[in-house]
Amino acid sequence: MKKLLPLTLLLLFSQILIAQKPPIKWGKISNEELDMVEYALDPEAEAVVLCDFGQISYEFTPDGVFYKMEHHRRVKLLKKSAFERGNVKLYFYDDKATRIQGLKAQVILPDGSKIKVSSKDIFEEQVNKFYKAKVFAFPQLEKGCIIEYKYSRKSRDLYGLEKWNFQEEIPVKHSELRTDIPEWYEYISINQGQPIQHSEKRVSRSIHVPPQKTTVGRGYNRESRMSSGNIPAKIVRSRYWLENAPALRPEPFITTMEDYYSSVRFQLQRIVFPGERIQPISNTWPRLAEELWQDWELFGGQLRHKKHYNSLLKAANAYLGDTADDLEKVMKIYAFISKNVRWNGYLDYSADRSLDDAFEKGKANSGELNLMLIALCRAHDIDALPVLVSTRDHGKMLSYYPVLEQFNHTLAFVQVGEQQMLLDVGNPNRDPSLLRANSLNYIGWLVDEKAPQWINLPQATNSEMRLGNFELRSNGTLSGELKVQLKGYLGMSGRDAYHAQKIKDEWLEKIPDLQITDSLKTSNANKVNKPFSYAFHCELSGQTMQAGEMLYVSPVIDGYSENPLKLEKRTFPVDIPVGRREQYIFNLVLPEGYAVEALPEGINLSLPENGGSFKFSISQTGNKLQLVSKIEIKQLHFEPSEYATLKNFFDIIVEKHAEQIVLKKTT
């Protein structure tokens with residue numbers, strides 16, 4: 001039978017407690033919070049975070065060193081539209097060391113009564129192979145109620161502590177994070193957004209450290225035995241807080257709102273255990289590149305040792321045959337992987353297993369796909385290196401400090417002679433010259449063991465041309481043919497829809513009165529480096545309206561019906577991932593007995609600094625009309641000061657696309 005540890009020793013094993021009084025107490029609600037019907041600083045807000053409070057501390061146990069995040073959150077629901085916020089998912093990394101403990105949740109109704117969430121109504125869900133989630137829903141929500149929950153999460157990943165957002169898409173009255181970190185672990189804090197208040201002091205403490213091994217996190221299996229026993233140390237006690245943070249509501253044309261919320265995150269810089277050498281933790285980019293190539297089995301090890309991709313190489317060699325030209329060989333390797341290995345939907349910069357395992361299963365994460373390409377190129381003496389990126393929905397990258405956790409995807413940099421290429425395997429319908437659109441996040445880090453460096457990622461432009469040749473019948477129906485040509489990512493999406501037999505369905509969803517009267521005629525459905533085209537005959541009845549002797553025709557089929565930019569003012573940039581060229585030509589033959597009464601006026605509009613243009617014109621030759629609309633967006637990044645101009649640009653497009661041709665009956 002195991003002996004129980006003395007209570008005093010258990011207490012010594014426990015976390016280093018934060019002595020300051022917390023800004024929130026479980027279940028203690030003020031009358032002001034109960035009576036609130038709207039948030040004075042944002043009367044339109046559907047909800048407001050009354051308090052979001054986190055505490056980070058360290059635990060030293062025989063199983064290793066952990067950090068513990070205690071989180072207490074309280075939200076006032078002001079409108080019924082906020083009830084969806086009563087469905088909560090708390091994510092955590094799926095390993096034996098990381099877990100959520102002490103979870104409790106309750107609803108406080110406007111009359112002050114409380115309804116607890118029962119433990120039997122809290123579930124654990126496997127989100128994917130990396131993450132699980134605690135899932136629960138608050139019951140009996142009503143307008144004006146308050147929801148609150150608290151829990152603790154333990155983790156051994158000391159390399160990067162949990163990021164804390166002080167701002168979100170609803171206003172935040174008070175947000176605060178406190179940290180108690182032993183001086184042995186030296187972190188840098190990285191802030192973004194509006195200024196955050198910060199205070200710090202050092203306190204002396206005796207920490208009991210049982211015999212153990214310490215690690216700094218996933219992927220870095222660096223271990224160090226430190227002294228055990230009661231060890232005097234300084235605790236760095238920090239407090240970060242922000243009051244009355246305004247809401248940042250999501251809008252189109254954004255990387256991710258995470259790029260703009262006020263936040264703080266921490267990066268482990270070095271470890272200084274008593275009596276040991278200082279351990280720098282990848283504190284320079286060259287050092288990080290060296291470690292990735294030499295020490296990490298799931299990254300550089302996959303490329304350095306052919307044992308990880310022997311089966312892949314044999315199969316690829318059979319596919320390549322006697323191909324001699326290196327450029328052709330690269331394209332064949334790209335095609336081989338695209339045809340034989342499907343993306344499993346997960347983004348990662350490293351492999352989860354050997355490349356052979358992924359190849360044999362026919363599924364791979366994004367990093368594995370491009371590591372396969374790099375490995376095969378290198379096996380054929382073609383220069384190839386990984387480029388680490390953060391996808392647009394993952395957040396912007398920090399080039400001034402080597403933070404590995406900021407990356408979530410790997411590209412392949414390939415050089416043949418003087419020609420340099422960035423490749424991104426993932427969709428067989430995408431032109432190899434295009435990265436996945438989510439990868440277009442401006443910069444990437446080239447992991448060259450000798451000379452790592454930041455490189456600019458290429459920009460791309462989508463192109464769409466639509467040609468409509470129609471006759472207007474006396475009953476008001478438009479009858480004719482619509483031709484569509486798509487380039488860039490639109491070409492990829494068009495091929496995806498075509499192979500899934502969804503092109504007709506997509507048009508019918510946009511224009512319910514559309515009647516497609518024949519089968520699609522396509523061109524280059526399987527030639528990904530050429531424009532994808534299709535055409536069909538159709539009839540439309542909803543583009544016209546009869547009013548006495550007058551007939552009104554809406555000539556723009558599936559145009560801009562609303563402005564994608566809704567806010568009157570915007571505090572964060574407009575970030576368009578891909579440039580665009582859109583050309584729409586509408587040829588119309590008028591029926592006998594009708595004459596033109598009025599036509600929309602033309603316009604030629606340009607954005608400042610040649611950032612974009614809109615040209616709209618309509619002309620008449622006998623009984624034939626031709627409308628031409630051309631839209632081009634060259635500039636991809638617009639600062640908040642440029643927002644009003646861009647919004648007005650789209651307002652004018654919406655207005656012109658809504659204008660009608662007016663015909664009058666003459667006989």
# chains A, B, ... in the order shown; residues from 1 in each chain; ligands from 1
$ residues_around --residues "region 238-246 of chain A" --least-positions-apart "6" --cutoff "6 Å" --atoms "only C-alpha atoms" --output "list of chain:residue names"
A:Gln167, A:Pro171, A:Val172, A:Lys173, A:His174, A:Ser175, A:Glu176, A:Leu177, A:Arg178, A:Thr179, A:Ile196, A:Gln197, A:His198, A:Ser199, A:Glu200
$ select_by_dssp --residues "region 114-303 of chain A" --states "strand (DSSP E)" --output "PyMOL selection string"
chain A and resi 114-116+123-126+131-137+146-155+164-165+172-182+185-192+197-209+229-245+263-271+279-280
$ atom_distance --atom1 "CA of Gln485 (chain A)" --atom2 "CA of Met465 (chain A)"
5.1 Å
$ closest_residue --among "A:Ala525, A:Asn230, A:Ile603, A:Ser118" --to "Phe60 (chain A)" --atoms "only C-alpha atoms"
A:Asn230
$ select_by_dssp --residues "region 394-509 of chain A" --states "helix (DSSP H, G or I)" --output "PyMOL selection string"
chain A and resi 404-406+437-439+489-499+503-509
$ residues_around --residues "Leu508 (chain A)" --least-positions-apart "6" --cutoff "12 Å" --atoms "only C-alpha atoms" --output "compact mmCIF listing (two decimals) with N, CA and C atoms, in the first residue's frame"
# COMPACT_ATOMS: atom_id res chain seq x y z
N LYS A 502 -21.55 20.70 -59.20
CA LYS A 502 -22.29 21.68 -58.41
C LYS A 502 -22.41 23.05 -59.09
N LEU A 514 -33.59 31.33 -62.40
CA LEU A 514 -32.80 30.92 -63.55
C LEU A 514 -33.21 29.52 -64.01
N GLN A 515 -33.40 29.36 -65.31
CA GLN A 515 -33.69 28.05 -65.90
C GLN A 515 -32.57 27.72 -66.88
N ILE A 516 -31.78 26.71 -66.54
CA ILE A 516 -30.69 26.29 -67.43
C ILE A 516 -31.27 25.28 -68.40
N CYS A 538 -29.73 29.59 -71.02
CA CYS A 538 -30.63 29.75 -69.89
C CYS A 538 -31.72 30.78 -70.21
N GLU A 539 -32.69 30.83 -69.33
CA GLU A 539 -33.75 31.84 -69.38
C GLU A 539 -33.91 32.43 -67.99
N LEU A 540 -34.19 33.76 -67.95
CA LEU A 540 -34.40 34.44 -66.68
C LEU A 540 -35.65 35.30 -66.78
N ASP A 558 -26.15 38.67 -61.39
CA ASP A 558 -25.27 38.30 -60.28
C ASP A 558 -24.15 39.31 -60.10
$ residues_around --residues "Leu109 (chain A)" --least-positions-apart "4" --cutoff "9 Å" --atoms "only C-alpha atoms" --output "ChimeraX atom specification"
/A:34,113-115,140-147
$ write_last_selection --atoms "C-alpha atoms" --output "compact mmCIF listing (two decimals), in the first residue's frame"
# COMPACT_ATOMS: atom_id res chain seq x y z
CA LEU A 34 -27.99 42.81 -12.55
CA SER A 113 -31.46 33.69 -8.73
CA LYS A 114 -28.80 31.22 -9.87
CA ILE A 115 -28.91 28.07 -11.97
CA GLN A 140 -32.69 28.84 -19.22
CA LEU A 141 -31.06 31.92 -20.70
CA GLU A 142 -33.07 35.12 -20.81
CA LYS A 143 -32.35 38.68 -21.80
CA GLY A 144 -30.37 40.45 -19.08
CA CYS A 145 -28.96 37.31 -17.47
CA ILE A 146 -25.29 36.83 -16.58
CA ILE A 147 -23.26 33.72 -17.32
$ closest_atom_pairs --of "region 460-513 of chain A" --to "region 543-552 of chain A" --cutoff "9 Å" --atoms "only C-alpha atoms" --output "CSV"
residue,atom,partner,partner_atom,distance
A:Gly476,CA,A:Thr544,CA,5.9
A:Thr477,CA,A:Thr544,CA,7.2
A:Leu478,CA,A:Gln543,CA,7.5
